[in-house]
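Below: coords14.pdb (PDB, C-alpha atoms)
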```pdb
ATOM      1  CA  MET A   1      59.872   8.006 -49.127
ATOM      2  CA  ARG A   2      62.182   7.097 -46.359
ATOM      3  CA  VAL A   3      61.029   4.687 -43.764
ATOM      4  CA  ARG A   4      62.713   4.889 -40.458
ATOM      5  CA  HIS A   5      63.021   1.663 -38.681
ATOM      6  CA  THR A   6      63.405   1.895 -34.989
ATOM      7  CA  LYS A   7      65.744  -0.719 -33.719
ATOM      8  CA  LYS A   8      65.396  -2.185 -30.322
ATOM      9  CA  GLU A   9      68.350  -1.320 -28.180
ATOM     10  CA  PRO A  10      69.953  -4.591 -27.363
ATOM     11  CA  PHE A  11      70.760  -3.482 -23.825
ATOM     12  CA  ALA A  12      67.158  -2.401 -23.140
ATOM     13  CA  THR A  13      66.202  -5.943 -22.403
ATOM     14  CA  GLY A  14      69.670  -6.823 -21.295
ATOM     15  CA  SER A  15      69.536  -4.258 -18.541
ATOM     16  CA  ILE A  16      66.758  -6.145 -16.868
ATOM     17  CA  LYS A  17      68.844  -9.251 -16.800
ATOM     18  CA  VAL A  18      71.809  -7.501 -15.253
ATOM     19  CA  SER A  19      69.840  -5.474 -12.720
ATOM     20  CA  SER A  20      70.879  -6.412  -9.248
ATOM     21  CA  ARG A  21      68.533  -7.729  -6.614
ATOM     22  CA  ARG A  22      68.838  -4.384  -4.849
ATOM     23  CA  ASP A  23      67.537  -2.520  -7.912
ATOM     24  CA  VAL A  24      64.527  -4.773  -8.135
ATOM     25  CA  LEU A  25      63.871  -4.331  -4.445
ATOM     26  CA  CYS A  26      64.013  -0.537  -4.771
ATOM     27  CA  THR A  27      61.506  -0.456  -7.640
ATOM     28  CA  GLY A  28      59.321  -2.730  -5.590
ATOM     29  CA  LEU A  29      59.416  -0.310  -2.692
ATOM     30  CA  ALA A  30      58.680   2.686  -4.901
ATOM     31  CA  GLY A  31      55.789   0.758  -6.406
ATOM     32  CA  SER A  32      54.305  -0.086  -3.064
ATOM     33  CA  ALA A  33      54.672   3.528  -1.900
ATOM     34  CA  PHE A  34      52.697   4.571  -4.962
ATOM     35  CA  LEU A  35      50.008   2.001  -4.184
ATOM     36  CA  ALA A  36      49.838   3.230  -0.617
ATOM     37  CA  ALA A  37      49.295   6.763  -1.899
ATOM     38  CA  LEU A  38      46.502   5.483  -4.135
ATOM     39  CA  ALA A  39      44.930   3.586  -1.275
ATOM     40  CA  ALA A  40      44.826   6.798   0.749
ATOM     41  CA  LEU A  41      42.661   8.489  -1.881
ATOM     42  CA  PRO A  42      39.422   6.551  -1.287
ATOM     43  CA  GLY A  43      39.960   7.363   2.371
ATOM     44  CA  LEU A  44      39.758  11.047   1.542
ATOM     45  CA  ALA A  45      36.638  10.506  -0.535
ATOM     46  CA  ARG A  46      35.145   8.529   2.328
ATOM     47  CA  ALA A  47      35.503  11.506   4.668
ATOM     48  CA  ALA A  48      32.855  13.276   2.604
ATOM     49  CA  VAL A  49      30.138  10.753   3.511
ATOM     50  CA  ALA A  50      31.213   9.855   7.022
ATOM     51  CA  ASN A  51      31.295  12.316   9.846
ATOM     52  CA  ASP A  52      33.710  10.874  12.348
ATOM     53  CA  SER A  53      37.328   9.816  12.183
ATOM     54  CA  THR A  54      36.506   6.097  12.254
ATOM     55  CA  GLY A  55      34.760   6.338   8.875
ATOM     56  CA  ARG A  56      31.487   5.113  10.367
ATOM     57  CA  SER A  57      28.393   6.747   8.939
ATOM     58  CA  PRO A  58      25.855   8.545  11.157
ATOM     59  CA  ALA A  59      23.246   6.083   9.821
ATOM     60  CA  PHE A  60      25.354   3.209  11.169
ATOM     61  CA  GLU A  61      25.792   4.837  14.596
ATOM     62  CA  LEU A  62      22.029   5.349  14.777
ATOM     63  CA  ALA A  63      21.173   1.773  13.781
ATOM     64  CA  TYR A  64      23.827   0.347  16.121
ATOM     65  CA  ARG A  65      22.529   2.381  19.093
ATOM     66  CA  ARG A  66      18.937   1.476  18.300
ATOM     67  CA  LEU A  67      19.814  -2.226  18.508
ATOM     68  CA  LEU A  68      21.908  -1.938  21.656
ATOM     69  CA  GLY A  69      19.764   0.528  23.591
ATOM     70  CA  GLU A  70      21.605   1.555  26.741
ATOM     71  CA  SER A  71      23.722  -1.578  26.990
ATOM     72  CA  ASP A  72      27.295  -2.032  25.852
ATOM     73  CA  PRO A  73      28.244  -5.171  23.945
ATOM     74  CA  LEU A  74      30.777  -7.718  25.180
ATOM     75  CA  ALA A  75      33.632  -7.939  22.687
ATOM     76  CA  ASP A  76      35.019 -11.249  21.459
ATOM     77  CA  GLU A  77      32.862 -13.374  23.747
ATOM     78  CA  GLY A  78      32.884 -16.374  21.463
ATOM     79  CA  ILE A  79      31.575 -14.522  18.421
ATOM     80  CA  LYS A  80      33.434 -14.970  15.173
ATOM     81  CA  LEU A  81      32.910 -12.956  11.990
ATOM     82  CA  GLU A  82      34.718 -14.303   8.940
ATOM     83  CA  LEU A  83      35.216 -12.143   5.847
ATOM     84  CA  PRO A  84      37.947 -11.992   3.211
ATOM     85  CA  ASP A  85      40.548  -9.285   3.980
ATOM     86  CA  ILE A  86      40.520  -8.046   0.396
ATOM     87  CA  PRO A  87      37.490  -9.396  -1.495
ATOM     88  CA  GLU A  88      37.713  -9.549  -5.287
ATOM     89  CA  ASN A  89      34.435  -7.688  -5.741
ATOM     90  CA  GLY A  90      32.383  -5.574  -3.335
ATOM     91  CA  ASN A  91      29.175  -6.853  -4.922
ATOM     92  CA  THR A  92      29.507 -10.345  -3.499
ATOM     93  CA  VAL A  93      31.538 -10.594  -0.339
ATOM     94  CA  PRO A  94      31.141 -13.948   1.427
ATOM     95  CA  PHE A  95      30.580 -13.719   5.177
ATOM     96  CA  ARG A  96      30.234 -16.272   7.940
ATOM     97  CA  ILE A  97      29.175 -15.594  11.517
ATOM     98  CA  GLU A  98      29.458 -18.183  14.268
ATOM     99  CA  VAL A  99      28.679 -17.738  17.945
ATOM    100  CA  GLN A 100      29.926 -20.325  20.441
ATOM    101  CA  SER A 101      26.876 -20.927  22.587
ATOM    102  CA  PRO A 102      24.585 -23.707  23.718
ATOM    103  CA  MET A 103      21.284 -23.622  21.847
ATOM    104  CA  THR A 104      18.918 -24.712  24.597
ATOM    105  CA  PRO A 105      15.606 -22.887  25.206
ATOM    106  CA  ASP A 106      16.948 -21.056  28.299
ATOM    107  CA  ASN A 107      20.490 -20.370  27.057
ATOM    108  CA  SER A 108      20.901 -19.573  23.404
ATOM    109  CA  ILE A 109      21.597 -16.976  20.762
ATOM    110  CA  LYS A 110      18.334 -15.375  19.682
ATOM    111  CA  THR A 111      19.387 -13.057  16.888
ATOM    112  CA  VAL A 112      22.473 -12.009  14.976
ATOM    113  CA  HIS A 113      22.610  -8.652  13.208
ATOM    114  CA  LEU A 114      25.017  -7.887  10.395
ATOM    115  CA  LEU A 115      25.857  -4.210   9.891
ATOM    116  CA  SER A 116      28.033  -2.249   7.498
ATOM    117  CA  THR A 117      29.637   0.925   8.820
ATOM    118  CA  SER A 118      29.656   2.874   5.575
ATOM    119  CA  ASN A 119      27.207   1.401   3.078
ATOM    120  CA  PRO A 120      24.223   3.639   2.186
ATOM    121  CA  GLN A 121      22.037   1.384   4.393
ATOM    122  CA  PRO A 122      23.745   0.092   7.549
ATOM    123  CA  MET A 123      21.423  -2.860   8.298
ATOM    124  CA  VAL A 124      22.541  -5.693   6.048
ATOM    125  CA  ALA A 125      20.642  -8.557   7.672
ATOM    126  CA  THR A 126      19.136  -9.932  10.854
ATOM    127  CA  PHE A 127      19.125 -13.676  11.471
ATOM    128  CA  HIS A 128      16.662 -15.294  13.892
ATOM    129  CA  PHE A 129      17.673 -18.573  15.507
ATOM    130  CA  THR A 130      15.433 -21.000  17.361
ATOM    131  CA  ALA A 131      15.811 -23.930  19.747
ATOM    132  CA  GLN A 132      15.930 -26.149  16.624
ATOM    133  CA  SER A 133      18.899 -24.279  15.163
ATOM    134  CA  GLY A 134      21.503 -26.534  16.760
ATOM    135  CA  ARG A 135      24.277 -24.058  16.034
ATOM    136  CA  ALA A 136      24.257 -20.251  16.048
ATOM    137  CA  ALA A 137      26.028 -19.988  12.720
ATOM    138  CA  VAL A 138      25.066 -18.448   9.407
ATOM    139  CA  ALA A 139      26.748 -17.691   6.098
ATOM    140  CA  GLY A 140      25.837 -15.631   3.050
ATOM    141  CA  ARG A 141      27.060 -12.960   0.664
ATOM    142  CA  MET A 142      26.956  -9.216   1.196
ATOM    143  CA  ARG A 143      27.609  -5.971  -0.664
ATOM    144  CA  LEU A 144      30.302  -3.528   0.396
ATOM    145  CA  ALA A 145      30.348  -0.103  -1.247
ATOM    146  CA  ARG A 146      33.852   0.761  -0.031
ATOM    147  CA  SER A 147      36.547  -0.262   2.436
ATOM    148  CA  GLN A 148      35.053  -0.302   5.882
ATOM    149  CA  ASP A 149      34.432  -2.168   9.125
ATOM    150  CA  VAL A 150      31.751  -4.844   9.155
ATOM    151  CA  VAL A 151      30.026  -5.467  12.475
ATOM    152  CA  ALA A 152      28.241  -8.581  13.750
ATOM    153  CA  LEU A 153      26.063  -8.149  16.808
ATOM    154  CA  ALA A 154      24.578 -11.202  18.517
ATOM    155  CA  GLN A 155      21.920 -11.121  21.221
ATOM    156  CA  ARG A 156      21.829 -13.892  23.812
ATOM    157  CA  SER A 157      18.664 -15.171  25.460
ATOM    158  CA  ASP A 158      19.664 -13.233  28.626
ATOM    159  CA  GLY A 159      19.520 -10.021  26.581
ATOM    160  CA  LYS A 160      23.291  -9.399  26.493
ATOM    161  CA  PHE A 161      24.977  -8.470  23.225
ATOM    162  CA  LEU A 162      28.211  -9.830  21.777
ATOM    163  CA  VAL A 163      30.084  -7.928  19.090
ATOM    164  CA  ALA A 164      32.682  -8.753  16.452
ATOM    165  CA  VAL A 165      34.239  -6.252  14.048
ATOM    166  CA  ARG A 166      36.195  -6.991  10.875
ATOM    167  CA  GLN A 167      37.932  -4.521   8.612
ATOM    168  CA  VAL A 168      37.538  -5.183   4.889
ATOM    169  CA  GLU A 169      39.550  -3.541   2.115
ATOM    170  CA  VAL A 170      37.347  -3.076  -0.962
ATOM    171  CA  THR A 171      38.938  -2.238  -4.310
ATOM    172  CA  ILE A 172      35.852  -2.675  -6.540
ATOM    173  CA  GLY A 173      32.881  -1.261  -4.670
ATOM    174  CA  GLY A 174      29.477  -2.941  -4.648
ATOM    175  CA  CYS A 175      27.574  -0.800  -7.106
ATOM    176  CA  GLY A 176      24.724   1.175  -5.633
ATOM    177  CA  ASN A 177      25.228   0.033  -2.074
TER
ATOM    178  CA  MET B   1       9.574 -11.652  -8.247
ATOM    179  CA  ALA B   2      12.268 -11.057 -10.767
ATOM    180  CA  THR B   3      13.125 -14.686 -10.764
ATOM    181  CA  THR B   4      12.426 -17.526 -13.127
ATOM    182  CA  ALA B   5      14.581 -20.378 -11.916
ATOM    183  CA  LYS B   6      13.604 -22.687  -9.118
ATOM    184  CA  PRO B   7      15.415 -22.032  -5.851
ATOM    185  CA  ARG B   8      18.184 -24.488  -5.038
ATOM    186  CA  ILE B   9      18.300 -26.251  -1.688
ATOM    187  CA  LYS B  10      21.210 -28.332  -0.489
ATOM    188  CA  LEU B  11      20.572 -30.805   2.305
ATOM    189  CA  PRO B  12      22.230 -34.044   3.371
ATOM    190  CA  GLU B  13      20.356 -36.985   1.840
ATOM    191  CA  THR B  14      19.645 -38.394   5.227
ATOM    192  CA  ALA B  15      20.535 -37.765   8.871
ATOM    193  CA  LYS B  16      20.080 -39.308  12.288
ATOM    194  CA  THR B  17      17.609 -37.907  14.805
ATOM    195  CA  GLY B  18      19.411 -35.326  16.934
ATOM    196  CA  GLU B  19      22.106 -34.694  14.336
ATOM    197  CA  ILE B  20      22.913 -31.095  13.387
ATOM    198  CA  VAL B  21      22.819 -30.613   9.619
ATOM    199  CA  GLU B  22      23.772 -27.669   7.433
ATOM    200  CA  ILE B  23      21.141 -26.317   5.044
ATOM    201  CA  LYS B  24      22.058 -24.169   2.053
ATOM    202  CA  ALA B  25      19.530 -22.215   0.022
ATOM    203  CA  LEU B  26      20.030 -20.165  -3.133
ATOM    204  CA  ILE B  27      17.512 -18.187  -5.178
ATOM    205  CA  GLN B  28      17.813 -15.939  -8.230
ATOM    206  CA  HIS B  29      16.827 -12.328  -7.598
ATOM    207  CA  VAL B  30      18.227  -8.964  -8.727
ATOM    208  CA  MET B  31      18.152  -7.532  -5.176
ATOM    209  CA  GLU B  32      17.924  -3.995  -6.602
ATOM    210  CA  THR B  33      19.204  -1.698  -3.856
ATOM    211  CA  GLY B  34      17.170   1.427  -4.592
ATOM    212  CA  ASN B  35      20.384   3.467  -4.578
ATOM    213  CA  ARG B  36      21.072   3.235  -8.306
ATOM    214  CA  ARG B  37      19.891   5.497 -11.123
ATOM    215  CA  ASP B  38      19.024   4.591 -14.706
ATOM    216  CA  PRO B  39      20.848   6.272 -17.654
ATOM    217  CA  ASP B  40      18.244   9.097 -17.615
ATOM    218  CA  GLY B  41      19.015   9.865 -13.991
ATOM    219  CA  ARG B  42      15.795   8.427 -12.616
ATOM    220  CA  SER B  43      16.059   6.514  -9.376
ATOM    221  CA  ILE B  44      15.590   2.743  -9.771
ATOM    222  CA  PRO B  45      13.182   1.675  -7.009
ATOM    223  CA  ARG B  46      14.257  -0.871  -4.429
ATOM    224  CA  SER B  47      13.255  -4.438  -5.227
ATOM    225  CA  ILE B  48      14.683  -6.998  -2.848
ATOM    226  CA  ILE B  49      13.743 -10.179  -1.047
ATOM    227  CA  HIS B  50      13.248  -8.836   2.471
ATOM    228  CA  THR B  51      12.403 -12.067   4.288
ATOM    229  CA  PHE B  52      13.566 -15.669   4.175
ATOM    230  CA  GLN B  53      11.965 -18.363   6.324
ATOM    231  CA  ALA B  54      12.789 -21.996   6.890
ATOM    232  CA  LYS B  55      10.069 -24.179   8.386
ATOM    233  CA  PHE B  56      10.019 -27.820   9.445
ATOM    234  CA  GLU B  57       6.614 -29.480   9.864
ATOM    235  CA  GLY B  58       5.052 -26.009   9.716
ATOM    236  CA  GLU B  59       7.177 -24.534  12.506
ATOM    237  CA  THR B  60       9.714 -21.781  11.774
ATOM    238  CA  ILE B  61      13.201 -23.081  12.575
ATOM    239  CA  PHE B  62      15.236 -20.162  11.183
ATOM    240  CA  SER B  63      14.515 -16.862   9.483
ATOM    241  CA  ALA B  64      16.376 -13.885   8.077
ATOM    242  CA  ASP B  65      15.472 -10.247   7.409
ATOM    243  CA  TRP B  66      17.489  -8.996   4.484
ATOM    244  CA  GLY B  67      18.386  -5.426   3.554
ATOM    245  CA  SER B  68      19.750  -4.000   0.318
ATOM    246  CA  GLY B  69      23.253  -4.905   1.498
ATOM    247  CA  ILE B  70      22.615  -8.559   0.625
ATOM    248  CA  SER B  71      24.080  -9.548  -2.749
ATOM    249  CA  ALA B  72      22.027 -10.402  -5.827
ATOM    250  CA  ASN B  73      20.947 -14.066  -6.034
ATOM    251  CA  PRO B  74      20.956 -14.388  -2.257
ATOM    252  CA  TYR B  75      22.594 -17.431  -0.728
ATOM    253  CA  ILE B  76      22.196 -18.506   2.858
ATOM    254  CA  ALA B  77      23.590 -21.341   4.930
ATOM    255  CA  PHE B  78      22.421 -22.252   8.430
ATOM    256  CA  TYR B  79      22.053 -25.232  10.777
ATOM    257  CA  PHE B  80      19.223 -27.430  11.984
ATOM    258  CA  LYS B  81      18.988 -30.052  14.701
ATOM    259  CA  VAL B  82      16.966 -32.887  13.204
ATOM    260  CA  PRO B  83      14.055 -33.868  15.489
ATOM    261  CA  GLY B  84      12.915 -36.723  13.223
ATOM    262  CA  PRO B  85      11.513 -37.230   9.739
ATOM    263  CA  GLY B  86       9.369 -34.503   8.261
ATOM    264  CA  SER B  87       9.230 -31.939   5.536
ATOM    265  CA  PHE B  88      10.884 -28.598   5.023
ATOM    266  CA  GLU B  89       9.292 -25.497   3.622
ATOM    267  CA  PHE B  90      11.454 -22.591   2.501
ATOM    268  CA  VAL B  91       9.820 -19.229   1.826
ATOM    269  CA  TRP B  92      11.158 -16.064   0.168
ATOM    270  CA  LEU B  93       9.133 -12.819   0.274
ATOM    271  CA  ASP B  94      10.001  -9.841  -1.911
ATOM    272  CA  ASP B  95       9.139  -6.116  -2.187
ATOM    273  CA  ALA B  96       6.748  -6.741  -5.104
ATOM    274  CA  GLY B  97       4.681  -8.995  -2.820
ATOM    275  CA  VAL B  98       5.751 -12.184  -4.569
ATOM    276  CA  THR B  99       6.247 -15.310  -2.468
ATOM    277  CA  VAL B 100       8.292 -18.287  -3.570
ATOM    278  CA  THR B 101       7.805 -21.501  -1.606
ATOM    279  CA  GLU B 102       9.883 -24.637  -1.937
ATOM    280  CA  LYS B 103       8.934 -27.872  -0.167
ATOM    281  CA  THR B 104      11.349 -30.720   0.470
ATOM    282  CA  PRO B 105      10.706 -33.961   2.345
ATOM    283  CA  PHE B 106      13.437 -35.132   4.694
ATOM    284  CA  ALA B 107      14.167 -38.736   5.594
ATOM    285  CA  VAL B 108      15.779 -39.890   8.817
ATOM    286  CA  SER B 109      17.942 -42.980   8.996
TER
END
```

Mind turning this structure into structure tokens?
Amino acid sequence: MRVRHTKKEPFATGSIKVSSRRDVLCTGLAGSAFLAALAALPGLARAAVANDSTGRSPAFELAYRRLLGESDPLADEGIKLELPDIPENGNTVPFRIEVQSPMTPDNSIKTVHLLSTSNPQPMVATFHFTAQSGRAAVAGRMRLARSQDVVALAQRSDGKFLVAVRQVEVTIGGCGN
Amino acid sequence: MATTAKPRIKLPETAKTGEIVEIKALIQHVMETGNRRDPDGRSIPRSIIHTFQAKFEGETIFSADWGSGISANPYIAFYFKVPGPGSFEFVWLDDAGVTVTEKTPFAVS
């Protein structure tokens, strides 16, 4: 019986050493183009569950409108929503919401709502602050089923709403939600 | 409640009257969303903690309504302006009707 030994081509590894910086750069670009194409795929899948071009589910639009009523929120009025750009796992995404506001009985933040624009259920949480809160800030961990916008909506004691929106890229979706 | 371990509360050991302190609370719970199915295709019913309350001397100082979008083993951090010495009570309520209560005294320097 003849055994064929495959020999490693000496220049197979050598070629990596001699490859110019330009070659490496080109492969890098091709690689990133491939990744971009992959990233576009979940976007297509997302279109199946969301009706509009923004990728926001009808359930989100409904919940958002129900909270706001007829009013329109003030954007970026001292409300900060912190989330990782690309969380490691959609099952536990740390969030932090802080609203710059006095917390006196006649001028304060009453509630903060946290909404997801394309989870199965849009209402993630509602936080109720009191005069004893000291600071209108809260942190926790949320689930994100897919890449989407996360919305924080704060209501002041005068009834006005403040809104903050953050886009989050999810690679491993939070299972079941 | 699908939890066995005691909840964990993190507070400063002591604070001055009027100081704003951060409170962190963690409890073990599956937070089953109700969106998943078992291997036989049957829907797994929702089982989450839907309400968290923090009280000081019996008065609610902060509360949260949670949905299925909150991660398993829910963690929460919030602030409190210390009015003086007293005791905290933290309450978690879940879909099965189980209530977990944790009491912590708080000293003021």

Got a sec to pull out which chain B residues are within 9 Å of chain A, counting only C-alpha atoms, and send them as a PDB file with C-alpha atoms, keeping the file's coordinate frame?
```pdb
ATOM      1  CA  GLU B  19      22.106 -34.694  14.336  1.00  0.00           C
ATOM      2  CA  ILE B  20      22.913 -31.095  13.387  1.00  0.00           C
ATOM      3  CA  VAL B  21      22.819 -30.613   9.619  1.00  0.00           C
ATOM      4  CA  LYS B  24      22.058 -24.169   2.053  1.00  0.00           C
ATOM      5  CA  GLU B  32      17.924  -3.995  -6.602  1.00  0.00           C
ATOM      6  CA  THR B  33      19.204  -1.698  -3.856  1.00  0.00           C
ATOM      7  CA  GLY B  34      17.170   1.427  -4.592  1.00  0.00           C
ATOM      8  CA  ASN B  35      20.384   3.467  -4.578  1.00  0.00           C
ATOM      9  CA  ARG B  36      21.072   3.235  -8.306  1.00  0.00           C
ATOM     10  CA  ARG B  37      19.891   5.497 -11.123  1.00  0.00           C
ATOM     11  CA  THR B  60       9.714 -21.781  11.774  1.00  0.00           C
ATOM     12  CA  ILE B  61      13.201 -23.081  12.575  1.00  0.00           C
ATOM     13  CA  PHE B  62      15.236 -20.162  11.183  1.00  0.00           C
ATOM     14  CA  SER B  63      14.515 -16.862   9.483  1.00  0.00           C
ATOM     15  CA  ALA B  64      16.376 -13.885   8.077  1.00  0.00           C
ATOM     16  CA  ASP B  65      15.472 -10.247   7.409  1.00  0.00           C
ATOM     17  CA  TRP B  66      17.489  -8.996   4.484  1.00  0.00           C
ATOM     18  CA  GLY B  67      18.386  -5.426   3.554  1.00  0.00           C
ATOM     19  CA  SER B  68      19.750  -4.000   0.318  1.00  0.00           C
ATOM     20  CA  GLY B  69      23.253  -4.905   1.498  1.00  0.00           C
ATOM     21  CA  ILE B  70      22.615  -8.559   0.625  1.00  0.00           C
ATOM     22  CA  SER B  71      24.080  -9.548  -2.749  1.00  0.00           C
ATOM     23  CA  ALA B  72      22.027 -10.402  -5.827  1.00  0.00           C
ATOM     24  CA  PRO B  74      20.956 -14.388  -2.257  1.00  0.00           C
ATOM     25  CA  TYR B  75      22.594 -17.431  -0.728  1.00  0.00           C
ATOM     26  CA  ILE B  76      22.196 -18.506   2.858  1.00  0.00           C
ATOM     27  CA  ALA B  77      23.590 -21.341   4.930  1.00  0.00           C
ATOM     28  CA  PHE B  78      22.421 -22.252   8.430  1.00  0.00           C
ATOM     29  CA  TYR B  79      22.053 -25.232  10.777  1.00  0.00           C
ATOM     30  CA  PHE B  80      19.223 -27.430  11.984  1.00  0.00           C
ATOM     31  CA  LYS B  81      18.988 -30.052  14.701  1.00  0.00           C
ATOM     32  CA  VAL B  82      16.966 -32.887  13.204  1.00  0.00           C
ATOM     33  CA  PRO B  83      14.055 -33.868  15.489  1.00  0.00           C
TER      34      PRO B  83
END
```

message = I'd like the residues picked by the PyMOL selection byres ((chain A and resi 81-84) around 9) written out as a count of residues only, using the chain letters and numbers from the file.
response = 22

query = Neighbours of Thr99 in chain B within 12 Å (all atoms listed in the file; same-chain residues fewer than 3 positions away dropped), as a ChimeraX atom specification?
reply = /B:1-3,7,27,48-53,90-96,102

Given 6 Å of margin on each side, can you work out the centre and size in Å (one decimal) of an axis-aligned box holding every listed atom of range 68-78 of chain A, as AutoDock Vina command-line options?
```
--center_x 27.4 --center_y -7.4 --center_z 24.2 --size_x 27.3 --size_y 29.9 --size_z 17.5
```

Fewer than 5 positions away in the same chain doesn't count, so skip those; otherwise give me all residues within 8 Å of Asn89 in chain A, counting all atoms listed in the file, as an mmCIF file with C-alpha atoms, in the frame of the given file.
```cif
data_model
loop_
_atom_site.group_PDB
_atom_site.id
_atom_site.type_symbol
_atom_site.label_atom_id
_atom_site.label_comp_id
_atom_site.auth_asym_id
_atom_site.auth_seq_id
_atom_site.Cartn_x
_atom_site.Cartn_y
_atom_site.Cartn_z
ATOM 1 C CA VAL A 170 37.347 -3.076 -0.962
ATOM 2 C CA THR A 171 38.938 -2.238 -4.310
ATOM 3 C CA ILE A 172 35.852 -2.675 -6.540
ATOM 4 C CA GLY A 173 32.881 -1.261 -4.670
ATOM 5 C CA GLY A 174 29.477 -2.941 -4.648
#
```

task = Apply the PyMOL selection byres ((chain B and resi 14) around 8) to the structure shown and report the selected residues as a VMD selection string.
result = chain B and resid 12 to 13 15 to 16 106 to 109

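Considering all atoms listed in the file, the residue among A:Arg156, A:Lys110, A:Arg146, A:Arg56 positioned nearest to Pro73 in chain A is A:Arg156.
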
request  = In Å, rounded to a single decimal, give me how far CA of Lys6 in chain B is from CA of Gly84 in chain B.
outcome  =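 Computed distance, CA of Gly84 in chain B to CA of Lys6 in chain B, equals 26.4 Å.
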
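When the PyMOL selection byres ((chain A and resi 72) around 10) is run on the displayed coordinates, the residues it returns are Arg65, Leu68, Gly69, Glu70, Ser71, Pro73, Leu74, Ala75, Lys160, Phe161, Leu162 and Val163 of chain A.
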
Go ahead and dump the residues you just picked, C-alpha atoms, as a PDB file, in the coordinates of the input.
```pdb
ATOM      1  CA  ARG A  65      22.529   2.381  19.093  1.00  0.00           C
ATOM      2  CA  LEU A  68      21.908  -1.938  21.656  1.00  0.00           C
ATOM      3  CA  GLY A  69      19.764   0.528  23.591  1.00  0.00           C
ATOM      4  CA  GLU A  70      21.605   1.555  26.741  1.00  0.00           C
ATOM      5  CA  SER A  71      23.722  -1.578  26.990  1.00  0.00           C
ATOM      6  CA  PRO A  73      28.244  -5.171  23.945  1.00  0.00           C
ATOM      7  CA  LEU A  74      30.777  -7.718  25.180  1.00  0.00           C
ATOM      8  CA  ALA A  75      33.632  -7.939  22.687  1.00  0.00           C
ATOM      9  CA  LYS A 160      23.291  -9.399  26.493  1.00  0.00           C
ATOM     10  CA  PHE A 161      24.977  -8.470  23.225  1.00  0.00           C
ATOM     11  CA  LEU A 162      28.211  -9.830  21.777  1.00  0.00           C
ATOM     12  CA  VAL A 163      30.084  -7.928  19.090  1.00  0.00           C
TER      13      VAL A 163
END
```

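The interatomic distance for the pair CA of Leu11 in chain B and CA of Pro85 in chain B works out to 13.4 Å.
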
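One finds CA of Gly18 in chain B at 25.9 Å from CA of Thr101 in chain B.
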
query = Within 7 Å of (17.7, -27.2, 1.2), only C-alpha atoms: residues as an MDAnalysis selection string?
reply = chainID B and resid 8:11 23:25
